[in-house]
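> Below is model-v9.txt; it holds compact mmCIF, C-alpha atoms.
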```txt
# COMPACT_ATOMS: atom_id res chain seq x y z
CA MET A 1 -109.22 88.92 69.32
CA LEU A 2 -108.35 86.43 72.03
CA LYS A 3 -109.48 82.89 71.40
CA THR A 4 -108.93 79.87 73.61
CA TYR A 5 -106.88 77.10 72.02
CA THR A 6 -105.93 73.68 73.30
CA GLY A 7 -102.60 72.08 72.58
CA SER A 8 -100.30 69.23 73.49
CA CYS A 9 -96.84 67.81 73.13
CA HIS A 10 -96.38 64.92 70.69
CA CYS A 11 -97.00 62.00 73.05
CA GLY A 12 -99.98 63.76 74.61
CA ALA A 13 -98.73 63.74 78.20
CA VAL A 14 -98.61 67.54 78.40
CA THR A 15 -101.80 69.38 77.52
CA PHE A 16 -102.70 73.02 77.94
CA GLU A 17 -105.17 75.76 77.17
CA ALA A 18 -104.04 79.18 76.01
CA ASP A 19 -105.83 82.41 75.20
CA LEU A 20 -104.11 83.72 72.08
CA ASP A 21 -104.71 86.39 69.49
CA LEU A 22 -103.29 84.90 66.31
CA SER A 23 -104.03 88.10 64.39
CA GLN A 24 -101.10 89.53 66.35
CA SER A 25 -97.56 88.74 65.34
CA THR A 26 -95.89 85.46 66.21
CA TYR A 27 -92.13 85.19 66.77
CA ARG A 28 -89.00 83.57 65.45
CA CYS A 29 -85.67 84.00 67.21
CA ASN A 30 -82.07 83.15 66.32
CA CYS A 31 -80.74 82.39 69.83
CA SER A 32 -78.97 79.12 70.54
CA ILE A 33 -82.02 77.28 71.90
CA CYS A 34 -84.60 78.67 69.46
CA ARG A 35 -82.27 77.86 66.59
CA ARG A 36 -82.00 74.23 67.57
CA THR A 37 -85.65 73.76 68.36
CA ARG A 38 -87.19 76.10 65.77
CA PHE A 39 -89.39 77.43 68.50
CA TRP A 40 -92.34 79.34 67.01
CA PRO A 41 -94.33 81.01 69.76
CA ALA A 42 -97.42 83.12 70.09
CA VAL A 43 -97.59 85.23 73.21
CA ALA A 44 -99.99 84.59 76.09
CA ASN A 45 -100.39 86.56 79.29
CA PRO A 46 -99.70 84.59 82.48
CA ASP A 47 -103.41 84.42 83.27
CA GLY A 48 -104.08 83.29 79.69
CA PHE A 49 -102.13 80.05 80.00
CA ARG A 50 -103.40 76.98 81.84
CA LEU A 51 -101.44 73.76 82.08
CA LEU A 52 -104.03 70.98 82.09
CA THR A 53 -101.96 67.81 82.42
CA GLY A 54 -98.36 66.69 82.60
CA GLU A 55 -96.82 69.10 85.09
CA ASP A 56 -94.74 66.28 86.58
CA LEU A 57 -93.60 65.24 83.09
CA LEU A 58 -92.14 68.62 82.18
CA THR A 59 -88.45 69.38 82.45
CA ARG A 60 -87.41 72.99 82.89
CA TYR A 61 -84.25 73.93 81.02
CA VAL A 62 -82.45 77.19 81.74
CA PHE A 63 -79.13 78.58 80.59
CA ASN A 64 -77.13 81.80 80.35
CA SER A 65 -79.11 84.51 82.18
CA THR A 66 -81.58 81.86 83.45
CA LYS A 67 -84.41 84.39 83.23
CA ASN A 68 -86.22 82.44 80.52
CA HIS A 69 -87.58 79.02 81.41
CA HIS A 70 -87.77 76.48 78.61
CA TYR A 71 -90.09 73.56 79.29
CA PHE A 72 -90.17 70.30 77.40
CA CYS A 73 -91.83 66.90 77.76
CA LYS A 74 -89.61 64.26 79.36
CA THR A 75 -91.00 61.59 77.03
CA CYS A 76 -91.09 63.13 73.56
CA GLY A 77 -88.90 66.21 74.01
CA VAL A 78 -91.42 68.60 72.52
CA ARG A 79 -91.59 72.03 74.15
CA PRO A 80 -95.20 73.18 74.41
CA PHE A 81 -94.32 76.52 76.00
CA GLY A 82 -91.67 78.67 77.59
CA VAL A 83 -91.86 81.41 80.19
CA GLY A 84 -90.17 84.76 79.83
CA ASN A 85 -89.82 86.25 83.30
CA ASP A 86 -88.22 89.57 82.43
CA THR A 87 -89.47 90.78 79.05
CA PRO A 88 -90.58 94.25 77.89
CA ILE A 89 -94.15 93.19 78.67
CA GLY A 90 -93.22 91.59 81.98
CA LYS A 91 -93.82 87.92 82.55
CA MET A 92 -95.20 86.17 79.49
CA TYR A 93 -95.76 82.72 78.07
CA GLY A 94 -94.47 81.77 74.64
CA VAL A 95 -96.87 79.10 73.40
CA ASN A 96 -95.62 76.78 70.69
CA ILE A 97 -97.86 77.22 67.66
CA GLY A 98 -96.81 73.80 66.39
CA CYS A 99 -98.51 72.26 69.42
CA LEU A 100 -101.91 73.92 68.95
CA HIS A 101 -104.93 71.86 68.00
CA GLY A 102 -107.48 72.93 65.43
CA VAL A 103 -105.51 75.56 63.54
CA SER A 104 -105.75 74.97 59.79
CA GLU A 105 -102.78 74.81 57.46
CA GLN A 106 -104.17 77.87 55.70
CA GLU A 107 -104.31 79.83 58.96
CA LEU A 108 -100.81 78.70 59.97
CA SER A 109 -99.35 79.76 56.63
CA GLY A 110 -100.87 83.22 57.01
CA LEU A 111 -99.61 84.06 60.49
CA ARG A 112 -97.46 87.16 60.80
CA ILE A 113 -93.93 86.63 62.08
CA THR A 114 -91.61 89.06 63.87
CA TYR A 115 -87.95 88.08 63.81
CA VAL A 116 -85.87 88.89 66.88
CA ASP A 117 -82.11 88.86 67.37
CA GLY A 118 -81.87 86.71 70.49
CA MET A 119 -78.31 85.78 69.56
CA GLN A 120 -77.33 89.38 70.36
CA ASP A 121 -79.91 89.67 73.16
CA ARG A 122 -81.86 92.25 71.12
CA LEU A 123 -85.53 92.38 70.20
CA GLU A 124 -84.81 94.03 66.86
CA SER A 125 -84.72 91.99 63.68
CA PRO A 126 -81.37 90.37 62.89
CA MET A 127 -79.73 91.21 59.59
CA HIS A 128 -80.30 87.66 58.30
CA PHE A 129 -83.55 85.94 59.20
CA SER A 130 -85.04 84.12 56.21
CA HIS A 131 -83.69 80.81 57.57
CA LEU A 132 -85.53 81.17 60.88
CA MET B 1 -67.17 70.10 50.75
CA ALA B 2 -67.20 66.35 50.33
CA GLY B 3 -65.39 64.32 52.92
CA ILE B 4 -65.87 66.89 55.65
CA VAL B 5 -67.09 65.93 59.10
CA HIS B 6 -69.98 68.07 60.30
CA GLU B 7 -70.56 68.07 64.05
CA GLY B 8 -73.80 68.70 65.83
CA SER B 9 -75.28 68.48 69.27
CA CYS B 10 -78.20 69.30 71.46
CA HIS B 11 -78.16 72.67 73.21
CA CYS B 12 -76.46 71.50 76.43
CA ARG B 13 -74.11 69.21 74.47
CA ALA B 14 -75.03 66.07 76.36
CA ILE B 15 -75.67 64.21 73.07
CA GLY B 16 -74.44 64.84 69.57
CA PHE B 17 -73.19 63.42 66.30
CA ARG B 18 -70.46 63.49 63.71
CA TYR B 19 -71.81 63.42 60.16
CA HIS B 20 -69.21 62.24 57.66
CA ALA B 21 -70.63 63.88 54.56
CA ALA B 22 -70.05 62.43 51.11
CA HIS B 23 -71.21 65.55 49.30
CA ASP B 24 -71.14 69.31 49.53
CA PRO B 25 -73.80 70.71 51.92
CA GLY B 26 -75.35 72.65 49.05
CA SER B 27 -76.42 69.35 47.46
CA TRP B 28 -77.84 67.76 50.61
CA SER B 29 -81.44 66.62 50.52
CA VAL B 30 -83.07 68.54 53.40
CA ARG B 31 -86.53 67.33 54.31
CA ALA B 32 -89.28 68.73 56.49
CA CYS B 33 -91.16 65.53 57.21
CA GLN B 34 -94.81 66.32 57.90
CA CYS B 35 -95.40 63.67 60.56
CA SER B 36 -96.66 64.81 63.92
CA PHE B 37 -93.29 64.36 65.65
CA CYS B 38 -91.26 66.28 63.06
CA ARG B 39 -93.85 69.04 62.98
CA THR B 40 -93.99 69.51 66.72
CA HIS B 41 -90.18 69.54 66.78
CA ALA B 42 -90.03 71.69 63.62
CA ALA B 43 -87.32 69.35 62.40
CA ALA B 44 -85.43 69.47 59.11
CA THR B 45 -83.48 66.31 58.49
CA THR B 46 -80.88 65.07 56.09
CA SER B 47 -79.16 61.82 55.23
CA ASP B 48 -77.15 60.35 52.40
CA PRO B 49 -76.48 56.64 51.91
CA GLN B 50 -72.95 57.53 50.88
CA ALA B 51 -72.32 59.46 54.09
CA SER B 52 -71.83 57.88 57.49
CA LEU B 53 -73.02 58.95 60.85
CA GLU B 54 -71.70 58.58 64.40
CA PHE B 55 -73.93 59.41 67.31
CA GLU B 56 -72.26 60.26 70.60
CA ALA B 57 -73.59 60.51 74.12
CA GLU B 58 -71.29 62.59 76.28
CA ARG B 59 -73.74 61.92 79.09
CA PRO B 60 -75.50 58.63 78.27
CA SER B 61 -77.95 58.92 81.14
CA LEU B 62 -79.47 61.96 79.41
CA LEU B 63 -80.16 60.17 76.13
CA ASN B 64 -83.88 59.70 75.53
CA LYS B 65 -84.83 57.28 72.75
CA TYR B 66 -88.40 58.18 71.82
CA ARG B 67 -90.55 55.82 69.77
CA PHE B 68 -94.06 56.37 68.50
CA ALA B 69 -96.61 55.16 65.95
CA ARG B 70 -94.99 52.10 64.30
CA ARG B 71 -92.08 52.23 66.76
CA THR B 72 -89.50 51.34 64.13
CA ALA B 73 -86.86 53.97 64.94
CA ASP B 74 -85.34 55.70 67.95
CA PHE B 75 -85.78 59.47 67.87
CA LEU B 76 -82.87 60.81 69.90
CA VAL B 77 -83.88 63.57 72.28
CA CYS B 78 -81.81 65.11 75.07
CA GLY B 79 -83.24 64.55 78.54
CA GLN B 80 -81.77 67.80 79.83
CA CYS B 81 -82.47 70.39 77.13
CA GLY B 82 -85.08 68.56 75.02
CA VAL B 83 -83.40 69.07 71.66
CA TYR B 84 -84.02 66.44 68.95
CA ILE B 85 -80.71 65.66 67.23
CA GLY B 86 -81.60 62.79 64.88
CA ALA B 87 -82.99 59.30 64.57
CA MET B 88 -81.69 55.79 64.11
CA ILE B 89 -83.21 52.53 62.89
CA GLN B 90 -81.81 49.05 63.37
CA THR B 91 -82.79 46.54 60.69
CA ALA B 92 -81.51 43.19 59.45
CA ARG B 93 -79.22 45.19 57.15
CA GLY B 94 -77.64 47.28 59.87
CA ARG B 95 -78.11 50.65 61.52
CA PHE B 96 -79.16 53.74 59.58
CA GLY B 97 -79.71 57.31 60.72
CA ILE B 98 -80.66 60.88 59.94
CA ILE B 99 -79.60 64.15 61.55
CA ASN B 100 -81.63 67.20 62.43
CA VAL B 101 -79.94 69.95 60.44
CA HIS B 102 -80.83 72.49 63.13
CA ALA B 103 -78.55 70.69 65.57
CA LEU B 104 -75.49 71.24 63.35
CA SER B 105 -72.94 73.66 64.68
CA PRO B 106 -72.37 75.59 62.56
CA ILE B 107 -75.13 75.05 60.01
CA PRO B 108 -73.34 75.27 56.66
CA ALA B 109 -74.53 78.37 54.84
CA GLU B 110 -75.18 76.45 51.62
CA VAL B 111 -77.72 74.05 53.17
CA ALA B 112 -80.94 74.14 51.18
CA THR B 113 -84.33 75.24 52.47
CA PRO B 114 -86.21 72.14 53.67
CA VAL B 115 -88.71 70.54 51.33
CA ALA B 116 -91.94 69.34 52.93
CA ILE B 117 -92.46 65.60 52.50
CA GLU B 118 -95.35 63.39 53.55
CA TYR B 119 -94.56 59.72 54.27
CA GLY B 120 -97.90 58.85 55.85
CA ALA B 121 -99.06 56.56 53.02
CA GLU B 122 -96.11 54.18 53.30
CA SER B 123 -96.54 50.61 54.48
CA LEU B 124 -94.26 49.39 57.25
CA GLU B 125 -92.15 47.47 54.73
CA GLN B 126 -91.85 50.50 52.44
CA ARG B 127 -90.81 52.66 55.36
CA ILE B 128 -88.06 50.32 56.48
CA ALA B 129 -86.85 49.85 52.90
CA ARG B 130 -86.75 53.60 52.31
CA ARG B 131 -84.72 54.17 55.43
CA GLU B 132 -82.29 51.38 54.53
CA GLN B 133 -81.82 52.95 51.10
CA ARG B 134 -81.77 56.66 51.93
CA TRP B 135 -80.61 57.04 55.52
CA SER B 136 -76.92 57.11 56.33
CA PRO B 137 -75.15 54.06 57.70
CA VAL B 138 -74.47 54.52 61.41
CA ILE B 139 -70.93 53.74 62.50
CA GLY B 140 -69.28 53.64 65.89
CA THR B 141 -70.65 52.52 69.20
CA GLY B 142 -71.46 55.89 70.79
CA ILE B 143 -75.19 55.34 70.88
```
Take the structure in the file and give it back as C-alpha cells.


Amino acid sequence: MLKTYTGSCHCGAVTFEADLDLSQSTYRCNCSICRRTRFWPAVANPDGFRLLTGEDLLTRYVFNSTKNHHYFCKTCGVRPFGVGNDTPIGKMYGVNIGCLHGVSEQELSGLRITYVDGMQDRLESPMHFSHL
Amino acid sequence: MAGIVHEGSCHCRAIGFRYHAAHDPGSWSVRACQCSFCRTHAAATTSDPQASLEFEAERPSLLNKYRFARRTADFLVCGQCGVYIGAMIQTARGRFGIINVHALSPIPAEVATPVAIEYGAESLEQRIARREQRWSPVIGTGI
C-alpha cells in the first residue's frame, strides 16, 4: 500500500516527499554509477514524488545513453533520487531508501530486493549479485 | 597482493586515488560506518596504517570537501557526479585517509563484506586518535 514518506540528503538542503509501497520490491543494480554509489531505490510514480526544497542545490549527472538522470546534492554529494525517463513502466523516480525518514532498522532489513544487470543494460538478475 | 597499487575514482574520473596497499585485499578491514553520512552514501571504507594513500584531482575545481558534525575531516565528493571517494584528516601528526571501497576500479574479488561499525560514542580526542592510528598516511600533494 502506498504511504507518504519524507526524506533528505545528508546536509538537509534537499528534502522531498514520496509515495512509496515498501511491500513491493526495491532494487540494486550493478551499473557503473550504482556500483560506486550503492544506490538503493524504491520506485515512485512521477506524480508520487514531490521535491520540497533544494532544487537549486541539485546537480544532474548523466552519462552514456543520457536517458537516466542522476541527481545529487551539491553540498554533501548524497543522491536522494534519480529519474528514469525510458523504463518499462515509462517515466519513474528511483527514491533512495537510505534518505527516507522514519523507517525502522527492522523494516529496512526486511525489504525485498530485486537485482538488475545494469552493467549489461538488462533488467534480469546478473549472475553475481550478493555484493550489491 | 601486498605492495600493489589499487586505483579508484569517482564515476566521471574527475577525482580519484592510488592506494598503496601493504596487505592482500582479502585481509583488508572493510567497515560500514553507521554515521548518517556513510549511511546516506552507503559507503564501505578501508584503511591500513601500513598502507599509504595518494588522492588525485584530475579536475581540482570539481573537488568538494564536505565537513559535518565535528568537522574534523574532509569527505571528498565529486562536484560533477556526486561520488564519495574517501576522506582525509589533517592533525598535528600529519595527514591520514580512508578510501571508499566502492570507488575502486576494479574492486578486488577477495575484498571482505563490510562490517557495520558505530563510532558515535567516541569523544573528539578518541576520534582523532583512532584516525591517526588506523587510517592510512596520505602522501603526495594531489589533494

> Residues of chain B within 10 Å of chain A, using all atoms listed in the file, as a VMD selection string?

chain B and resid 9 to 12 36 to 44 64 to 69 75 to 85 100 to 105 109 112 to 114

> So that I have them on file, write out the residues from the current selection with C-alpha atoms, as a short mmCIF file (atom, residue, chain, number, x, y, z; two decimals), keeping the file's coordinate frame.


```cif
data_model
loop_
_atom_site.label_atom_id
_atom_site.label_comp_id
_atom_site.auth_asym_id
_atom_site.auth_seq_id
_atom_site.Cartn_x
_atom_site.Cartn_y
_atom_site.Cartn_z
CA SER B 9 -75.28 68.48 69.27
CA CYS B 10 -78.20 69.30 71.46
CA HIS B 11 -78.16 72.67 73.21
CA CYS B 12 -76.46 71.50 76.43
CA SER B 36 -96.66 64.81 63.92
CA PHE B 37 -93.29 64.36 65.65
CA CYS B 38 -91.26 66.28 63.06
CA ARG B 39 -93.85 69.04 62.98
CA THR B 40 -93.99 69.51 66.72
CA HIS B 41 -90.18 69.54 66.78
CA ALA B 42 -90.03 71.69 63.62
CA ALA B 43 -87.32 69.35 62.40
CA ALA B 44 -85.43 69.47 59.11
CA ASN B 64 -83.88 59.70 75.53
CA LYS B 65 -84.83 57.28 72.75
CA TYR B 66 -88.40 58.18 71.82
CA ARG B 67 -90.55 55.82 69.77
CA PHE B 68 -94.06 56.37 68.50
CA ALA B 69 -96.61 55.16 65.95
CA PHE B 75 -85.78 59.47 67.87
CA LEU B 76 -82.87 60.81 69.90
CA VAL B 77 -83.88 63.57 72.28
CA CYS B 78 -81.81 65.11 75.07
CA GLY B 79 -83.24 64.55 78.54
CA GLN B 80 -81.77 67.80 79.83
CA CYS B 81 -82.47 70.39 77.13
CA GLY B 82 -85.08 68.56 75.02
CA VAL B 83 -83.40 69.07 71.66
CA TYR B 84 -84.02 66.44 68.95
CA ILE B 85 -80.71 65.66 67.23
CA ASN B 100 -81.63 67.20 62.43
CA VAL B 101 -79.94 69.95 60.44
CA HIS B 102 -80.83 72.49 63.13
CA ALA B 103 -78.55 70.69 65.57
CA LEU B 104 -75.49 71.24 63.35
CA SER B 105 -72.94 73.66 64.68
CA ALA B 109 -74.53 78.37 54.84
CA ALA B 112 -80.94 74.14 51.18
CA THR B 113 -84.33 75.24 52.47
CA PRO B 114 -86.21 72.14 53.67
#
```

> Which residues, written as a list in words, have at least one atom at most 6 Å from Phe16 (chain A), with only C-alpha atoms counted and residues fewer than 6 positions away on the same chain left out?

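Here the qualifying residues turn out to be Thr6, Gly7, Arg50, Leu51 and Leu52 of chain A.
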
> Just the residues within 10 Å of Val43 (chain A), please, counting all atoms listed in the file, with nothing from its chain fewer than 2 positions along; format it as a list in words.

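What passes the distance filter is Ala18, Asp19, Leu20, Asp21, Leu22, Gln24, Ser25, Thr26, Tyr27, Pro41, Asn45, Pro46, Gly48, Phe49, Phe81, Gly82, Val83, Gly84, Met92, Tyr93, Gly94, Val95, Asn96 and Ile97 of chain A.
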
> My list of candidates is B:Glu122, B:Asp24, B:Glu58, B:Glu132. Which is closest to Arg70 (chain B) when distances are computed with all atoms listed in the file?

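Smallest separation from Arg70 (chain B) among the options: B:Glu122.
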
> Could you tell me how far CA of Thr91 (chain B) lies from CA of Thr46 (chain B), in Å and to one decimal?

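Distance between the two atoms: 19.2 Å.
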
> Kindly give the distance, in Å, that separates CA of Met88 (chain B) and CA of Ala22 (chain B), rounded to a single decimal.

18.7 Å

> Report, in Å to a single decimal, how far apart CA of Tyr19 (chain B) and CA of Val138 (chain B) are.

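Between CA of Val138 (chain B) and CA of Tyr19 (chain B) the gap works out to 9.4 Å.
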
> Determine the nearest neighbour of Gln50 (chain B) from the options B:Ser136, B:Gly86, B:Arg127, B:Glu110, counting all atoms listed in the file.

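Checking each of B:Ser136, B:Gly86, B:Arg127, B:Glu110 against Gln50 (chain B), counting all atoms listed in the file, the winner is B:Ser136.
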
> Output, as lines of an AutoDock Vina configuration file, the centre and edge lengths in Å (one decimal) of the axis-aligned box that contains all listed atoms of region 39-56 of chain A with 4 Å of margin on each side.


```
center_x = -96.7
center_y = 76.4
center_z = 76.8
size_x = 22.7
size_y = 28.3
size_z = 27.6
```

> I want to know what sits within 12 Å of Pro137 (chain B), based on only C-alpha atoms, with residues of the same chain fewer than 4 positions away left out; could you give that as a list in words?

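What passes the distance filter is Tyr19, His20, Ala21, Ala22, Ser47, Asp48, Pro49, Gln50, Ala51, Ser52, Leu53, Glu54, Phe55, Ala87, Met88, Ile89, Gln90, Thr91, Arg93, Gly94, Arg95, Phe96, Gly97, Ile98, Ile99, Arg131, Glu132 and Gln133 of chain B.
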
> Take region 86-107 of chain A, model N, CA and C atoms, and hand the result over as a PDB file, in the frame of the given file.


```pdb
ATOM      1  N   ASP A  86     -88.704  88.189  82.366  1.00  0.00           N
ATOM      2  CA  ASP A  86     -88.220  89.570  82.430  1.00  0.00           C
ATOM      3  C   ASP A  86     -88.191  90.120  81.005  1.00  0.00           C
ATOM      4  N   THR A  87     -89.373  90.302  80.434  1.00  0.00           N
ATOM      5  CA  THR A  87     -89.470  90.780  79.050  1.00  0.00           C
ATOM      6  C   THR A  87     -90.022  92.206  79.072  1.00  0.00           C
ATOM      7  N   PRO A  88     -90.020  92.885  77.927  1.00  0.00           N
ATOM      8  CA  PRO A  88     -90.580  94.250  77.890  1.00  0.00           C
ATOM      9  C   PRO A  88     -92.044  94.313  78.303  1.00  0.00           C
ATOM     10  N   ILE A  89     -92.755  93.189  78.214  1.00  0.00           N
ATOM     11  CA  ILE A  89     -94.150  93.190  78.670  1.00  0.00           C
ATOM     12  C   ILE A  89     -94.288  92.444  80.003  1.00  0.00           C
ATOM     13  N   GLY A  90     -93.183  92.289  80.703  1.00  0.00           N
ATOM     14  CA  GLY A  90     -93.220  91.590  81.980  1.00  0.00           C
ATOM     15  C   GLY A  90     -93.171  90.090  81.782  1.00  0.00           C
ATOM     16  N   LYS A  91     -93.800  89.377  82.685  1.00  0.00           N
ATOM     17  CA  LYS A  91     -93.820  87.920  82.550  1.00  0.00           C
ATOM     18  C   LYS A  91     -94.763  87.532  81.422  1.00  0.00           C
ATOM     19  N   MET A  92     -94.349  86.616  80.584  1.00  0.00           N
ATOM     20  CA  MET A  92     -95.200  86.170  79.490  1.00  0.00           C
ATOM     21  C   MET A  92     -94.934  84.712  79.182  1.00  0.00           C
ATOM     22  N   TYR A  93     -95.904  84.091  78.524  1.00  0.00           N
ATOM     23  CA  TYR A  93     -95.760  82.720  78.070  1.00  0.00           C
ATOM     24  C   TYR A  93     -95.602  82.724  76.548  1.00  0.00           C
ATOM     25  N   GLY A  94     -94.607  82.013  76.077  1.00  0.00           N
ATOM     26  CA  GLY A  94     -94.470  81.770  74.640  1.00  0.00           C
ATOM     27  C   GLY A  94     -95.050  80.396  74.356  1.00  0.00           C
ATOM     28  N   VAL A  95     -96.152  80.361  73.630  1.00  0.00           N
ATOM     29  CA  VAL A  95     -96.870  79.100  73.400  1.00  0.00           C
ATOM     30  C   VAL A  95     -96.541  78.586  72.010  1.00  0.00           C
ATOM     31  N   ASN A  96     -96.089  77.342  71.951  1.00  0.00           N
ATOM     32  CA  ASN A  96     -95.620  76.780  70.690  1.00  0.00           C
ATOM     33  C   ASN A  96     -96.792  76.561  69.722  1.00  0.00           C
ATOM     34  N   ILE A  97     -96.778  77.299  68.645  1.00  0.00           N
ATOM     35  CA  ILE A  97     -97.860  77.220  67.660  1.00  0.00           C
ATOM     36  C   ILE A  97     -97.946  75.825  67.046  1.00  0.00           C
ATOM     37  N   GLY A  98     -96.806  75.156  66.938  1.00  0.00           N
ATOM     38  CA  GLY A  98     -96.810  73.800  66.390  1.00  0.00           C
ATOM     39  C   GLY A  98     -97.528  72.794  67.258  1.00  0.00           C
ATOM     40  N   CYS A  99     -97.821  73.163  68.488  1.00  0.00           N
ATOM     41  CA  CYS A  99     -98.510  72.260  69.420  1.00  0.00           C
ATOM     42  C   CYS A  99    -100.006  72.519  69.496  1.00  0.00           C
ATOM     43  N   LEU A 100    -100.491  73.572  68.832  1.00  0.00           N
ATOM     44  CA  LEU A 100    -101.910  73.920  68.950  1.00  0.00           C
ATOM     45  C   LEU A 100    -102.787  72.958  68.165  1.00  0.00           C
ATOM     46  N   HIS A 101    -103.947  72.685  68.698  1.00  0.00           N
ATOM     47  CA  HIS A 101    -104.930  71.860  68.000  1.00  0.00           C
ATOM     48  C   HIS A 101    -105.893  72.770  67.221  1.00  0.00           C
ATOM     49  N   GLY A 102    -106.376  72.275  66.101  1.00  0.00           N
ATOM     50  CA  GLY A 102    -107.480  72.930  65.430  1.00  0.00           C
ATOM     51  C   GLY A 102    -107.139  74.218  64.704  1.00  0.00           C
ATOM     52  N   VAL A 103    -105.873  74.396  64.344  1.00  0.00           N
ATOM     53  CA  VAL A 103    -105.510  75.560  63.540  1.00  0.00           C
ATOM     54  C   VAL A 103    -105.192  75.033  62.136  1.00  0.00           C
ATOM     55  N   SER A 104    -105.887  75.545  61.141  1.00  0.00           N
ATOM     56  CA  SER A 104    -105.750  74.970  59.790  1.00  0.00           C
ATOM     57  C   SER A 104    -104.401  75.317  59.178  1.00  0.00           C
ATOM     58  N   GLU A 105    -104.022  74.541  58.186  1.00  0.00           N
ATOM     59  CA  GLU A 105    -102.780  74.810  57.460  1.00  0.00           C
ATOM     60  C   GLU A 105    -102.836  76.212  56.828  1.00  0.00           C
ATOM     61  N   GLN A 106    -104.020  76.558  56.328  1.00  0.00           N
ATOM     62  CA  GLN A 106    -104.170  77.870  55.700  1.00  0.00           C
ATOM     63  C   GLN A 106    -103.928  78.976  56.728  1.00  0.00           C
ATOM     64  N   GLU A 107    -104.491  78.799  57.934  1.00  0.00           N
ATOM     65  CA  GLU A 107    -104.310  79.830  58.960  1.00  0.00           C
ATOM     66  C   GLU A 107    -102.844  79.894  59.396  1.00  0.00           C
TER      67      GLU A 107
END
```
